[in-house]
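Just below is one structure, and these are the notes that go with it.
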Amino acid sequence: MATTTTTTTPLLLPTSATFAREPPSSPRITTNSPSIPWRSPNGSAAPRTVRSAARSRSSSTGGTARKCSGCGAVSWPRQDPSMIVVISNRADTRVLLGRSRRHAPRMHTALAGFVEAGETFERAVAREAYEETGVRVDVDSVSYVGSQPWPFPQSAMIGFMARADDRQELNIDTNELVEAAWFDREQVRRAAEVRGPLMRRDVAERVLRDDPSLELLIPPRGVIARTLIEAWLERQ
């Protein structure tokens, strides 16, 4: 009987230099960073059954999985599902964006949060929007747009658009957001014209010093929040 030899290419993990020179959305970081804690013999990212049973774990399926030499259990890097949403008003003339403590002044972005166990993504959109801003979305308006792996933490970001009545009173969860507000198309369009790595506080603050009249900053291209915002802008 002929034998077959399978050759696999080892997974190339990002180094600290990689994180310094590449954006968080780069495929090398989003693909490989979840594997850093998981690749240790008893890594905390491994399932409990694998950690307790494993004598040693070896790479499997080209380095994307690891197999226990004792019980044969296979594990994959942890990736937590999360939703991110841009909510427009029913007239489609304004969007609801929020700013967290880690963002520079006037930097607003889409609402986001983790999906809870047993919860649909659509239900997570409605829950997170209400918990963070007090706004109840029109449940039948929630629609999928796209997705993006995100390494900080190890998440799969699933992007949506939704609509809501903008006459609702905002009730901000200050543990999550510093502020949230509705912005019209002209405000968002002007913010979209600003270039540069605006998630860096020093860059955002320099932009605002150069043009104090800017009412809004939004995330740069390359992240799903910006994709959702631009998808809304393109609807008219």
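Chain identifiers are assigned as A, B, and so on, following the order in which chains appear in the structure tokens; residues are numbered from 1 within each chain, and ligands are numbered from 1 in order of appearance.
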
Fewer than 2 positions away in the same chain doesn't count, so skip those; otherwise give me all residues within 10 Å of A:Pro105, counting only C-alpha atoms, as a count of residues only. 15

Do a neighbour search on stretch 132-147 of chain A at 6 Å with only C-alpha atoms, toss out local chain neighbours closer than 5 positions, and write the hits as a list in words. Ala126, Met157, Ile158, Gly159, Phe160, Met161, Ala162, Arg163, Ala164, Leu170, Asn171, Ile172 and Asp173 of chain A

Generate a file of the selected residues that holds N, CA and C atoms, formatted as an mmCIF file, in the first residue's frame.
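Writing the result to again06.cif gives the following:
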data_model
loop_
_atom_site.group_PDB
_atom_site.id
_atom_site.type_symbol
_atom_site.label_atom_id
_atom_site.label_comp_id
_atom_site.auth_asym_id
_atom_site.auth_seq_id
_atom_site.Cartn_x
_atom_site.Cartn_y
_atom_site.Cartn_z
ATOM 1 N N ALA A 126 -30.046 44.841 18.918
ATOM 2 C CA ALA A 126 -31.102 45.552 19.638
ATOM 3 C C ALA A 126 -30.741 45.749 21.107
ATOM 4 N N MET A 157 -15.960 40.496 14.231
ATOM 5 C CA MET A 157 -16.901 41.615 14.209
ATOM 6 C C MET A 157 -17.880 41.422 13.055
ATOM 7 N N ILE A 158 -19.166 41.347 13.378
ATOM 8 C CA ILE A 158 -20.212 41.163 12.383
ATOM 9 C C ILE A 158 -20.977 42.481 12.268
ATOM 10 N N GLY A 159 -20.952 43.091 11.076
ATOM 11 C CA GLY A 159 -21.466 44.443 10.904
ATOM 12 C C GLY A 159 -22.891 44.497 10.394
ATOM 13 N N PHE A 160 -23.668 45.431 10.941
ATOM 14 C CA PHE A 160 -25.080 45.586 10.600
ATOM 15 C C PHE A 160 -25.438 47.057 10.405
ATOM 16 N N MET A 161 -26.543 47.259 9.704
ATOM 17 C CA MET A 161 -27.225 48.538 9.660
ATOM 18 C C MET A 161 -28.592 48.341 10.315
ATOM 19 N N ALA A 162 -29.120 49.393 10.937
ATOM 20 C CA ALA A 162 -30.450 49.320 11.544
ATOM 21 C C ALA A 162 -31.056 50.720 11.542
ATOM 22 N N ARG A 163 -32.354 50.771 11.829
ATOM 23 C CA ARG A 163 -33.047 52.054 11.912
ATOM 24 C C ARG A 163 -33.737 52.174 13.262
ATOM 25 N N ALA A 164 -33.971 53.420 13.663
ATOM 26 C CA ALA A 164 -34.662 53.682 14.926
ATOM 27 C C ALA A 164 -35.315 55.059 14.852
ATOM 28 N N LEU A 170 -32.044 59.920 24.553
ATOM 29 C CA LEU A 170 -30.808 59.173 24.756
ATOM 30 C C LEU A 170 -30.551 58.987 26.243
ATOM 31 N N ASN A 171 -30.188 57.768 26.613
ATOM 32 C CA ASN A 171 -29.851 57.435 28.002
ATOM 33 C C ASN A 171 -28.528 56.679 27.975
ATOM 34 N N ILE A 172 -27.437 57.402 28.133
ATOM 35 C CA ILE A 172 -26.095 56.858 27.894
ATOM 36 C C ILE A 172 -25.609 56.018 29.066
ATOM 37 N N ASP A 173 -25.107 54.829 28.761
ATOM 38 C CA ASP A 173 -24.424 54.014 29.758
ATOM 39 C C ASP A 173 -23.001 54.541 29.877
#

Between A:Glu116, A:Glu186, A:Glu122, A:Asp166, single out the one closest to A:Val85, counting only C-alpha atoms. A:Glu122

Per DSSP on the backbone, what are the alpha helix (DSSP H) residues of stretch 106-195 of chain A, as a ChimeraX atom specification? /A:121-133,185-192

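Relative to atom CA of A:Ala110, atom CA of A:Ile224 is found at 9.0 Å.
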
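Of the listed residues (A:Arg189, A:Leu97, A:Lys67, A:Ala117), A:Arg189 comes nearest to A:Gln236; the distances count only C-alpha atoms.
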
Between atom CA of A:Thr120 and atom CA of A:Ile84, what is the distance, to one decimal in Å? 13.2 Å

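Among A:Arg167, A:Glu128, A:Val203, A:Phe121, the residue with the shortest atom-to-atom distance to A:Arg90, counting only C-alpha atoms, is A:Arg167.
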
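Considering only C-alpha atoms, the residue among A:Met199, A:Val115, A:Leu214, A:Val188 positioned nearest to A:Glu230 is A:Val188.
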
I need the residues of stretch 155-226 of chain A that end up classed as strand (DSSP E) by DSSP on the backbone, written out as a ChimeraX atom specification. /A:155-164,179-184

Output file for the residues above (N, CA and C atoms, as a short mmCIF file (atom, residue, chain, number, x, y, z; two decimals), in the first residue's frame):
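Written out: part-v8.cif:
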data_model
loop_
_atom_site.label_atom_id
_atom_site.label_comp_id
_atom_site.auth_asym_id
_atom_site.auth_seq_id
_atom_site.Cartn_x
_atom_site.Cartn_y
_atom_site.Cartn_z
N SER A 155 -11.78 38.76 18.40
CA SER A 155 -13.18 38.88 18.05
C SER A 155 -13.42 38.66 16.57
N ALA A 156 -14.64 38.27 16.24
CA ALA A 156 -15.14 38.31 14.88
C ALA A 156 -16.23 39.37 14.86
N MET A 157 -15.96 40.50 14.23
CA MET A 157 -16.90 41.61 14.21
C MET A 157 -17.88 41.42 13.06
N ILE A 158 -19.17 41.35 13.38
CA ILE A 158 -20.21 41.16 12.38
C ILE A 158 -20.98 42.48 12.27
N GLY A 159 -20.95 43.09 11.08
CA GLY A 159 -21.47 44.44 10.90
C GLY A 159 -22.89 44.50 10.39
N PHE A 160 -23.67 45.43 10.94
CA PHE A 160 -25.08 45.59 10.60
C PHE A 160 -25.44 47.06 10.40
N MET A 161 -26.54 47.26 9.70
CA MET A 161 -27.23 48.54 9.66
C MET A 161 -28.59 48.34 10.32
N ALA A 162 -29.12 49.39 10.94
CA ALA A 162 -30.45 49.32 11.54
C ALA A 162 -31.06 50.72 11.54
N ARG A 163 -32.35 50.77 11.83
CA ARG A 163 -33.05 52.05 11.91
C ARG A 163 -33.74 52.17 13.26
N ALA A 164 -33.97 53.42 13.66
CA ALA A 164 -34.66 53.68 14.93
C ALA A 164 -35.32 55.06 14.85
N GLU A 179 -20.24 59.73 25.42
CA GLU A 179 -21.36 60.44 24.82
C GLU A 179 -21.83 59.70 23.58
N ALA A 180 -23.04 60.01 23.15
CA ALA A 180 -23.59 59.53 21.89
C ALA A 180 -24.47 60.62 21.33
N ALA A 181 -24.58 60.68 20.00
CA ALA A 181 -25.37 61.75 19.39
C ALA A 181 -25.76 61.35 17.98
N TRP A 182 -26.79 62.02 17.47
CA TRP A 182 -27.21 61.86 16.08
C TRP A 182 -26.47 62.89 15.23
N PHE A 183 -25.94 62.43 14.09
CA PHE A 183 -25.20 63.32 13.18
C PHE A 183 -25.84 63.27 11.80
N ASP A 184 -25.94 64.43 11.16
CA ASP A 184 -26.56 64.46 9.83
C ASP A 184 -25.53 64.14 8.74
#
